[in-house]
>>> print(open('input_5.tsv').read())   # TSV, C-alpha atoms and all ligand atoms
chain	number	residue	atom	x	y	z
A	1	MET	CA	0.00	0.00	0.00
A	2	LEU	CA	1.22	3.44	-0.89
A	3	ILE	CA	1.15	5.82	2.04
A	4	ARG	CA	1.33	9.39	0.89
A	5	ARG	CA	3.34	11.79	2.95
A	6	PRO	CA	2.65	15.55	3.04
A	7	THR	CA	5.35	16.24	0.50
A	8	ASP	CA	3.60	13.94	-1.98
A	9	ILE	CA	0.51	16.13	-2.05
A	10	LEU	CA	0.52	18.60	-4.90
A	11	PRO	CA	-0.79	22.12	-4.24
A	12	SER	CA	-3.35	21.59	-7.02
A	13	GLU	CA	-4.84	18.75	-5.00
A	14	ILE	CA	-5.37	20.68	-1.82
A	15	THR	CA	-7.51	23.51	-3.14
A	16	SER	CA	-10.74	21.61	-3.70
A	17	GLY	CA	-13.23	20.67	-1.03
A	18	ASP	CA	-12.81	17.03	-1.95
A	19	ALA	CA	-9.38	17.08	-0.41
A	20	TYR	CA	-10.60	18.78	2.73
A	21	LEU	CA	-10.61	15.75	4.97
A	22	HIS	CA	-7.36	14.54	3.58
A	23	ARG	CA	-5.88	17.92	4.30
A	24	ARG	CA	-7.24	18.09	7.81
A	25	GLU	CA	-5.65	14.75	8.52
A	26	TRP	CA	-2.44	16.03	7.08
A	27	LEU	CA	-2.57	19.19	9.16
A	28	LYS	CA	-3.37	17.23	12.29
A	29	GLN	CA	-0.45	14.98	11.61
A	30	ALA	CA	1.82	17.90	10.84
A	31	ALA	CA	0.69	19.59	14.06
A	32	SER	CA	1.35	16.47	16.12
A	33	MET	CA	4.80	16.28	14.58
A	34	GLY	CA	5.40	19.84	15.74
A	35	LEU	CA	5.66	21.17	12.20
A	36	ILE	CA	2.96	23.80	12.61
A	37	ALA	CA	2.59	24.75	16.22
A	38	GLY	CA	-0.51	26.57	17.39
A	39	LEU	CA	-1.91	27.51	13.98
A	40	PRO	CA	-5.70	27.31	13.70
A	41	VAL	CA	-6.45	24.56	11.21
A	42	LEU	CA	-8.38	26.66	8.73
A	43	ALA	CA	-6.07	29.66	8.86
A	44	ALA	CA	-3.29	27.30	7.87
A	45	CYS	CA	-5.40	26.23	4.90
A	46	ASP	CA	-6.01	29.83	3.94
A	47	ALA	CA	-2.33	30.35	3.26
A	48	GLN	CA	-3.06	28.43	0.06
A	49	ALA	CA	-6.60	29.72	-0.42
A	50	GLN	CA	-8.03	29.69	-3.90
A	51	GLY	CA	-11.39	29.96	-5.59
A	52	SER	CA	-14.29	29.46	-3.25
A	53	ARG	CA	-12.29	28.71	-0.12
A	54	LEU	CA	-13.42	30.92	2.78
A	55	ALA	CA	-10.61	32.94	4.29
A	56	GLY	CA	-9.99	33.70	7.94
A	57	VAL	CA	-12.28	31.06	9.39
A	58	LYS	CA	-11.38	29.63	12.77
A	59	ALA	CA	-12.53	26.25	13.94
A	60	ASN	CA	-14.59	26.65	17.12
A	61	PRO	CA	-13.46	23.82	19.42
A	62	ALA	CA	-16.62	24.17	21.54
A	63	TYR	CA	-18.58	22.70	18.62
A	64	ALA	CA	-16.57	19.69	17.59
A	65	PRO	CA	-18.06	16.45	18.93
A	66	ALA	CA	-15.10	14.25	19.80
A	67	ASP	CA	-17.03	11.04	19.18
A	68	GLU	CA	-18.05	11.84	15.62
A	69	ARG	CA	-16.34	11.48	12.27
A	70	ILE	CA	-16.94	14.16	9.68
A	71	ASN	CA	-18.70	12.83	6.59
A	72	LYS	CA	-17.08	12.86	3.20
A	73	VAL	CA	-17.64	16.08	1.33
A	74	GLU	CA	-19.11	13.98	-1.49
A	75	ASP	CA	-21.86	12.75	0.85
A	76	PHE	CA	-22.74	16.36	1.56
A	77	ARG	CA	-22.53	17.64	-2.00
A	78	ASN	CA	-24.08	14.73	-3.89
A	79	TYR	CA	-26.99	13.65	-1.68
A	80	CYS	CA	-29.27	16.64	-1.26
A	81	ASN	CA	-32.79	17.76	-0.58
A	82	PHE	CA	-33.62	20.99	-2.40
A	83	TYR	CA	-37.04	20.54	-3.99
A	84	GLU	CA	-36.78	23.74	-6.02
A	85	PHE	CA	-34.28	21.78	-8.09
A	86	GLY	CA	-36.09	18.44	-8.14
A	87	THR	CA	-37.29	15.89	-5.60
A	88	ASP	CA	-34.61	13.27	-6.22
A	89	LYS	CA	-31.56	13.45	-3.91
A	90	THR	CA	-29.29	13.54	-6.94
A	91	ASP	CA	-31.21	16.30	-8.81
A	92	PRO	CA	-29.94	19.40	-6.98
A	93	PRO	CA	-26.20	18.82	-7.56
A	94	VAL	CA	-26.91	18.89	-11.31
A	95	MET	CA	-29.86	21.26	-11.58
A	96	ALA	CA	-28.62	23.93	-9.14
A	97	LYS	CA	-25.19	24.32	-10.71
A	98	ALA	CA	-25.96	27.61	-12.43
A	99	LEU	CA	-27.77	29.25	-9.49
A	100	LYS	CA	-26.85	32.95	-9.49
A	101	THR	CA	-25.67	33.86	-5.99
A	102	ARG	CA	-24.44	37.39	-6.78
A	103	PRO	CA	-25.83	39.97	-6.51
A	104	TRP	CA	-27.87	38.68	-3.56
A	105	THR	CA	-29.71	40.58	-0.88
A	106	VAL	CA	-31.44	39.49	2.30
A	107	ALA	CA	-34.32	41.65	3.53
A	108	VAL	CA	-34.64	41.60	7.31
A	109	GLU	CA	-38.02	43.07	8.22
A	110	GLY	CA	-41.23	42.86	10.22
A	111	GLU	CA	-41.44	43.55	13.95
A	112	VAL	CA	-37.99	45.05	14.37
A	113	LEU	CA	-36.75	48.52	15.26
A	114	LYS	CA	-34.10	48.57	12.55
A	115	PRO	CA	-35.23	46.73	9.41
A	116	LYS	CA	-32.50	46.48	6.83
A	117	THR	CA	-31.75	44.90	3.49
A	118	PHE	CA	-28.29	43.40	3.58
A	119	ASP	CA	-26.04	42.73	0.64
A	120	ILE	CA	-24.75	39.18	1.12
A	121	ASP	CA	-21.11	40.28	1.14
A	122	ASP	CA	-21.81	42.83	3.89
A	123	LEU	CA	-23.88	40.34	5.84
A	124	MET	CA	-21.00	37.86	5.82
A	125	LYS	CA	-18.86	40.47	7.60
A	126	LEU	CA	-21.36	41.16	10.38
A	127	ALA	CA	-19.64	38.73	12.77
A	128	PRO	CA	-16.53	36.53	12.62
A	129	LEU	CA	-17.04	33.38	10.57
A	130	GLU	CA	-16.32	30.19	12.43
A	131	GLU	CA	-16.34	26.49	11.68
A	132	ARG	CA	-18.62	24.28	13.73
A	133	ILE	CA	-18.98	20.56	13.36
A	134	TYR	CA	-22.65	19.63	13.80
A	135	ARG	CA	-24.62	16.43	13.50
A	136	PHE	CA	-27.28	16.81	10.83
A	137	ARG	CA	-30.38	14.59	10.93
A	138	CYS	CA	-32.93	14.52	8.12
A	139	VAL	CA	-36.56	13.68	8.94
A	140	GLU	CA	-36.19	10.78	6.47
A	141	ALA	CA	-33.88	9.06	8.99
A	142	TRP	CA	-30.48	9.60	7.39
A	143	SER	CA	-27.77	11.73	8.93
A	144	MET	CA	-24.38	13.31	8.38
A	145	VAL	CA	-21.71	15.18	10.31
A	146	VAL	CA	-20.83	18.45	8.62
A	147	PRO	CA	-18.25	21.18	9.32
A	148	TRP	CA	-20.41	24.27	8.76
A	149	ILE	CA	-19.13	27.82	8.45
A	150	GLY	CA	-21.10	30.80	9.64
A	151	PHE	CA	-21.93	32.82	12.74
A	152	PRO	CA	-24.75	32.66	15.27
A	153	LEU	CA	-28.02	34.03	13.88
A	154	SER	CA	-28.28	36.00	17.14
A	155	ALA	CA	-25.61	38.40	15.82
A	156	LEU	CA	-27.98	39.47	13.05
A	157	ILE	CA	-31.03	39.51	15.32
A	158	ASN	CA	-29.29	41.78	17.81
A	159	GLN	CA	-28.44	44.19	15.03
A	160	VAL	CA	-32.05	44.64	13.83
A	161	GLN	CA	-33.51	44.72	17.37
A	162	PRO	CA	-36.80	42.80	17.54
A	163	LYS	CA	-39.73	44.61	19.13
A	164	GLY	CA	-41.52	43.15	22.15
A	165	ASN	CA	-44.26	41.64	20.00
A	166	ALA	CA	-41.83	39.69	17.77
A	167	LYS	CA	-42.34	36.09	18.87
A	168	PHE	CA	-41.27	34.11	15.79
A	169	VAL	CA	-38.85	34.42	12.90
A	170	GLU	CA	-39.82	33.41	9.38
A	171	PHE	CA	-37.29	32.45	6.71
A	172	VAL	CA	-38.36	32.91	3.11
A	173	THR	CA	-36.19	31.31	0.47
A	174	LEU	CA	-35.66	32.06	-3.22
A	175	ALA	CA	-38.47	31.09	-5.61
A	176	ASP	CA	-37.26	31.99	-9.09
A	177	LYS	CA	-39.03	30.12	-11.87
A	178	ALA	CA	-36.34	31.08	-14.36
A	179	GLN	CA	-33.67	29.29	-12.32
A	180	MET	CA	-35.57	26.62	-10.43
A	181	PRO	CA	-37.23	23.91	-12.53
A	182	GLY	CA	-38.71	22.27	-9.42
A	183	LEU	CA	-41.14	25.17	-8.97
A	184	ARG	CA	-43.23	23.74	-11.81
A	185	SER	CA	-44.20	20.93	-9.46
A	186	SER	CA	-46.76	21.54	-6.75
A	187	VAL	CA	-45.20	19.22	-4.11
A	188	LEU	CA	-44.82	22.30	-1.92
A	189	ASP	CA	-46.48	25.71	-1.82
A	190	TRP	CA	-43.61	27.96	-2.96
A	191	PRO	CA	-41.67	29.80	-1.73
A	192	TYR	CA	-40.20	27.34	0.77
A	193	VAL	CA	-40.87	28.98	4.11
A	194	GLU	CA	-39.50	27.91	7.47
A	195	GLY	CA	-39.61	29.39	10.93
A	196	LEU	CA	-38.39	29.33	14.51
A	197	ARG	CA	-39.60	30.69	17.80
A	198	LEU	CA	-37.56	33.78	18.66
A	199	ASP	CA	-35.78	32.05	21.56
A	200	GLU	CA	-34.82	29.15	19.26
A	201	ALA	CA	-33.54	31.63	16.69
A	202	MET	CA	-31.49	33.39	19.40
A	203	HIS	CA	-30.00	30.14	20.70
A	204	PRO	CA	-26.20	30.06	20.30
A	205	LEU	CA	-26.37	26.78	18.34
A	206	THR	CA	-28.51	28.32	15.56
A	207	LEU	CA	-26.08	29.14	12.81
A	208	LEU	CA	-26.47	31.52	9.89
A	209	THR	CA	-24.50	29.44	7.45
A	210	PHE	CA	-22.44	30.59	4.46
A	211	GLY	CA	-20.09	27.69	3.94
A	212	ALA	CA	-19.09	24.13	4.71
A	213	PHE	CA	-15.98	22.00	4.34
A	214	GLY	CA	-13.81	25.11	4.20
A	215	GLU	CA	-15.59	26.63	1.21
A	216	VAL	CA	-18.62	28.75	0.41
A	217	LEU	CA	-21.78	26.66	0.17
A	218	ALA	CA	-22.31	24.84	-3.10
A	219	PRO	CA	-25.57	25.91	-4.79
A	220	GLN	CA	-27.23	22.57	-4.04
A	221	ASN	CA	-26.45	23.02	-0.34
A	222	GLY	CA	-28.20	26.39	-0.14
A	223	ALA	CA	-25.81	29.05	-1.40
A	224	PRO	CA	-25.27	31.79	-0.58
A	225	LEU	CA	-26.85	31.38	2.86
A	226	ARG	CA	-28.99	28.99	4.82
A	227	ILE	CA	-29.89	28.25	8.42
A	228	THR	CA	-28.53	25.32	10.40
A	229	ILE	CA	-30.37	24.23	13.55
A	230	PRO	CA	-28.61	21.03	14.63
A	231	TRP	CA	-31.21	19.78	17.11
A	232	LYS	CA	-34.04	19.91	14.56
A	233	TYR	CA	-34.80	17.87	11.46
A	234	GLY	CA	-32.96	19.10	8.39
A	235	PHE	CA	-35.99	20.56	6.67
A	236	LYS	CA	-36.12	23.35	9.27
A	237	GLY	CA	-32.96	24.76	7.69
A	238	GLY	CA	-34.19	26.75	4.70
A	239	LYS	CA	-31.72	27.09	1.84
A	240	SER	CA	-30.92	30.15	-0.27
A	241	ILE	CA	-32.71	32.61	2.01
A	242	VAL	CA	-33.88	35.97	0.65
A	243	LYS	CA	-36.01	37.28	3.51
A	244	ILE	CA	-36.04	37.05	7.29
A	245	ARG	CA	-39.25	38.32	8.89
A	246	PHE	CA	-40.00	38.87	12.56
A	247	VAL	CA	-43.65	38.12	13.28
A	248	GLU	CA	-46.14	37.76	16.13
A	249	LYS	CA	-47.76	34.50	15.04
A	250	GLU	CA	-46.30	31.08	14.33
A	251	PRO	CA	-45.36	31.07	10.63
A	252	ARG	CA	-47.14	28.61	8.34
A	253	THR	CA	-44.21	26.69	7.01
A	254	ALA	CA	-44.07	24.90	3.66
A	255	TRP	CA	-43.94	21.42	5.20
A	256	VAL	CA	-46.67	22.08	7.73
A	257	LYS	CA	-48.89	23.28	4.88
A	258	ALA	CA	-48.02	20.22	2.81
A	259	GLY	CA	-48.67	17.64	5.54
A	260	PRO	CA	-49.66	18.97	8.98
A	261	SER	CA	-50.12	15.48	10.42
A	262	GLU	CA	-46.58	14.48	9.35
A	263	TYR	CA	-44.52	17.63	9.80
A	264	GLY	CA	-44.85	19.92	12.79
A	265	PHE	CA	-43.61	23.45	13.37
A	266	TYR	CA	-41.11	22.38	16.04
A	267	SER	CA	-39.66	19.27	14.41
A	268	ASN	CA	-37.11	18.66	17.11
A	269	VAL	CA	-35.17	15.46	16.56
A	270	ASN	CA	-36.91	13.02	18.90
A	271	PRO	CA	-36.44	9.24	18.80
A	272	THR	CA	-39.62	8.74	20.85
A	273	VAL	CA	-41.96	10.54	18.45
A	274	ASP	CA	-42.29	8.62	15.21
A	275	HIS	CA	-43.24	10.02	11.86
A	276	PRO	CA	-46.69	8.55	11.03
A	277	ARG	CA	-45.11	6.50	8.23
A	278	TRP	CA	-41.77	5.48	9.77
A	279	SER	CA	-39.83	5.22	13.01
A	280	GLN	CA	-37.51	7.99	14.16
A	281	ALA	CA	-35.75	5.77	16.71
A	282	THR	CA	-32.82	5.01	14.44
A	283	GLU	CA	-31.02	6.60	11.53
A	284	ARG	CA	-28.55	5.72	8.82
A	285	ARG	CA	-25.39	7.79	8.88
A	286	LEU	CA	-24.34	8.30	5.26
A	287	GLY	CA	-21.32	6.12	4.61
A	288	GLU	CA	-22.24	3.58	7.30
A	289	PHE	CA	-23.95	0.26	6.82
A	290	SER	CA	-25.70	-0.46	10.09
A	291	LYS	CA	-28.15	1.90	11.72
A	292	ARG	CA	-27.47	4.05	14.76
A	293	LYS	CA	-29.77	5.07	17.55
A	294	THR	CA	-31.12	8.56	17.14
A	295	LEU	CA	-30.27	10.84	20.05
A	296	MET	CA	-32.79	13.09	21.79
A	297	PHE	CA	-32.50	16.58	20.28
A	298	ASN	CA	-29.90	14.99	18.00
A	299	GLY	CA	-27.43	14.90	20.90
A	300	TYR	CA	-27.88	18.56	21.88
A	301	ALA	CA	-30.29	18.00	24.80
A	302	ASP	CA	-27.94	19.56	27.37
A	303	GLN	CA	-27.99	22.79	25.41
A	304	VAL	CA	-31.59	22.98	24.21
A	305	ALA	CA	-33.94	20.88	26.36
A	306	SER	CA	-34.68	23.90	28.58
A	307	LEU	CA	-36.27	25.69	25.60
A	308	TYR	CA	-39.14	23.19	25.81
A	309	THR	CA	-39.68	22.85	29.55
A	310	GLY	CA	-43.32	22.06	30.25
A	311	MET	CA	-44.18	21.39	26.61
A	312	ASP	CA	-45.68	18.10	25.49
A	313	LEU	CA	-43.27	17.13	22.72
A	314	LYS	CA	-45.73	14.58	21.33
A	315	LYS	CA	-48.26	17.34	20.79
A	316	PHE	CA	-45.76	19.95	19.65
A	317	TYR	CA	-43.91	17.63	17.29
B	401	LIG	N1	-35.32	26.05	0.08
B	401	LIG	C1	-35.22	24.78	0.51
B	401	LIG	N2	-34.54	24.53	1.65
B	401	LIG	C2	-34.42	23.25	2.10
B	401	LIG	C3	-35.02	22.18	1.41
B	401	LIG	C4	-35.73	22.47	0.21
B	401	LIG	O1	-36.29	21.59	-0.47
B	401	LIG	N3	-35.80	23.78	-0.21
B	401	LIG	N4	-34.89	20.89	1.90
B	401	LIG	C5	-34.64	20.76	3.34
B	401	LIG	C6	-34.33	19.38	3.75
B	401	LIG	S1	-35.62	18.27	3.75
B	401	LIG	C7	-33.10	19.00	4.20
B	401	LIG	S2	-32.81	17.45	4.82
B	401	LIG	C8	-31.95	19.94	4.08
B	401	LIG	C9	-30.87	19.25	3.25
B	401	LIG	O2	-29.70	19.99	3.24
B	401	LIG	P1	-28.44	19.42	2.44
B	401	LIG	O3	-28.98	18.89	1.15
B	401	LIG	O4	-27.51	20.56	2.24
B	401	LIG	O5	-27.84	18.34	3.27
B	401	LIG	O6	-32.28	21.18	3.46
B	401	LIG	C10	-33.55	21.71	3.83
B	401	LIG	N5	-33.71	23.02	3.25
B	402	MO	MO	-34.91	16.47	5.04
>>> encode(input="input_5.tsv", output="structure tokens")
Amino acid sequence: MLIRRPTDILPSEITSGDAYLHRREWLKQAASMGLIAGLPVLAACDAQAQGSRLAGVKANPAYAPADERINKVEDFRNYCNFYEFGTDKTDPPVMAKALKTRPWTVAVEGEVLKPKTFDIDDLMKLAPLEERIYRFRCVEAWSMVVPWIGFPLSALINQVQPKGNAKFVEFVTLADKAQMPGLRSSVLDWPYVEGLRLDEAMHPLTLLTFGAFGEVLAPQNGAPLRITIPWKYGFKGGKSIVKIRFVEKEPRTAWVKAGPSEYGFYSNVNPTVDHPRWSQATERRLGEFSKRKTLMFNGYADQVASLYTGMDLKKFY
């Protein structure tokens, strides 16, 4: 077997996301050998940044589960749900390729003191970008571990200053017939709308996400920005967001409209509350053969269980 040493890796190989894991291993190894002392992993990568690599991103060690292996970038990029580009998991990587992500604005409005329309490039500078490794669990009982890049949504919320009557946040995503062939289908009532209670949106785990695997998000993964809420099913994380609205009443989300008995507003990962058509007790981690047990709140119970004190999670599923 040929074991490649760092010097065998050509610079051209370490610029693409596909080599990300490889490179992390290499950096870890180099660090343990004392070759690069004390350098944050991603900053070291940035020295050779090219193309869509995100510069100046620090890994946040507080969000790096020690017991989890990061999935392959191919799992993340090639197996997607993004119904605006087709309902098959392999549609979005092909159909979303040409999505125009510049210029792009995000209107932040509703019950706030300082509504503002942000240009995406300004929005990305609102707070320091950091890398966080989160478990990601789809309602269809598959899961991944992804190194996301973004900053807490609370940084944006604090800037626009919600009024006292703002109780929920609604995320409206792009619905552009010219670019999104999936809009011809009526599987969902477009645009794809999602929402959170304000305290969920303010929670430090809720990440306004611009990148993953060291790079800006690929179109099929929700470029140029999406939400990541690691203790909820994946569909809560709207992709390619154009509007964030602060409202008094619980938003009517696309999936609740499509099937209220199957998809609830809260959609917290919960192994004890099954989907009417399948169990949620176990999941298949992409890349693994046997199933794993699903964890309450996807393993984030210590951080988020207190948000739901006194609530019947079978009723508010
Ligand atoms: N706009 C939009 N956002 C969306 C979806 C979608 O169809 N449209 N699918 C959701 C679902 S069901 C999941 S599991 C995640 C998938 O994210 P990923 O493909 O990047 O892993 O995106 C969510 N966000
Ligand atoms: Mo999903």
>>> residues_around(input="input_5.tsv", residues="Thr206 in chain A", least_positions_apart="6", cutoff="6 Å", atoms="all atoms listed in the file", output="PyMOL selection string")
chain A and resi 152-153+228-229
>>> residues_near_ligand(input="input_5.tsv", ligand="ligand LIG 401 (chain B)", cutoff="6 Å", atoms="all atoms listed in the file", output="PyMOL selection string")
chain A and resi 76+80-84+138+173+192+221+234-235+237-239
>>> atom_distance(input="input_5.tsv", atom1="CA of Leu198 in chain A", atom2="CA of Gly110 in chain A")
12.9 Å
>>> atom_distance(input="input_5.tsv", atom1="CA of Leu207 in chain A", atom2="CA of Pro271 in chain A")
23.2 Å
>>> residues_around(input="input_5.tsv", residues="Met296 in chain A", least_positions_apart="4", cutoff="9 Å", atoms="all atoms listed in the file", output="short mmCIF file (atom, residue, chain, number, x, y, z; two decimals) with C-alpha atoms, in the frame of the given file")
data_model
loop_
_atom_site.label_atom_id
_atom_site.label_comp_id
_atom_site.auth_asym_id
_atom_site.auth_seq_id
_atom_site.Cartn_x
_atom_site.Cartn_y
_atom_site.Cartn_z
CA TRP A 231 -31.21 19.78 17.11
CA ASN A 268 -37.11 18.66 17.11
CA VAL A 269 -35.17 15.46 16.56
CA ASN A 270 -36.91 13.02 18.90
CA PRO A 271 -36.44 9.24 18.80
CA THR A 272 -39.62 8.74 20.85
CA TYR A 300 -27.88 18.56 21.88
CA ALA A 301 -30.29 18.00 24.80
#
>>> closest_residue(input="input_5.tsv", among="A:Gly222, A:Gly195, A:Pro93, A:Arg137", to="ligand MO 402 (chain B)", atoms="only C-alpha atoms and all ligand atoms")
A:Arg137
>>> closest_residue(input="input_5.tsv", among="A:Phe297, A:Tyr308, A:Trp104, A:Trp190", to="Leu225 in chain A", atoms="all atoms listed in the file")
A:Trp104
>>> residues_around(input="input_5.tsv", residues="Arg69 in chain A", least_positions_apart="2", cutoff="10 Å", atoms="only C-alpha atoms", output="VMD selection string")
chain A and resid 64 to 67 71 to 72 133 135 144 to 146
>>> closest_residue(input="input_5.tsv", among="A:Lys232, A:Arg285, A:Lys58, A:Lys243", to="ligand MO 402 (chain B)", atoms="only C-alpha atoms and all ligand atoms")
A:Lys232
>>> closest_residue(input="input_5.tsv", among="A:Lys163, A:Lys236, A:Arg292, A:Arg284", to="ligand MO 402 (chain B)", atoms="all atoms listed in the file")
A:Lys236
>>> residues_near_point(input="input_5.tsv", point="(-22.2, 26.1, -3.9)", cutoff="12 Å", atoms="only C-alpha atoms", output="NGL selection string")
:A and (17 or 51-53 or 76-78 or 92-102 or 210-226 or 239-240)
>>> atom_distance(input="input_5.tsv", atom1="CA of Ser267 in chain A", atom2="CA of Ala141 in chain A")
12.9 Å
>>> closest_residue(input="input_5.tsv", among="A:Ala107, A:Ala155, A:Ile120, A:Val139", to="ligand MO 402 (chain B)", atoms="all atoms listed in the file")
A:Val139
>>> axis_aligned_box(input="input_5.tsv", around="range 227-235 of chain A", padding_each_side="4 Å", output="JSON")
{"center_x": -32.3, "center_y": 23.1, "center_z": 11.9, "size_x": 15.5, "size_y": 18.4, "size_z": 18.4}
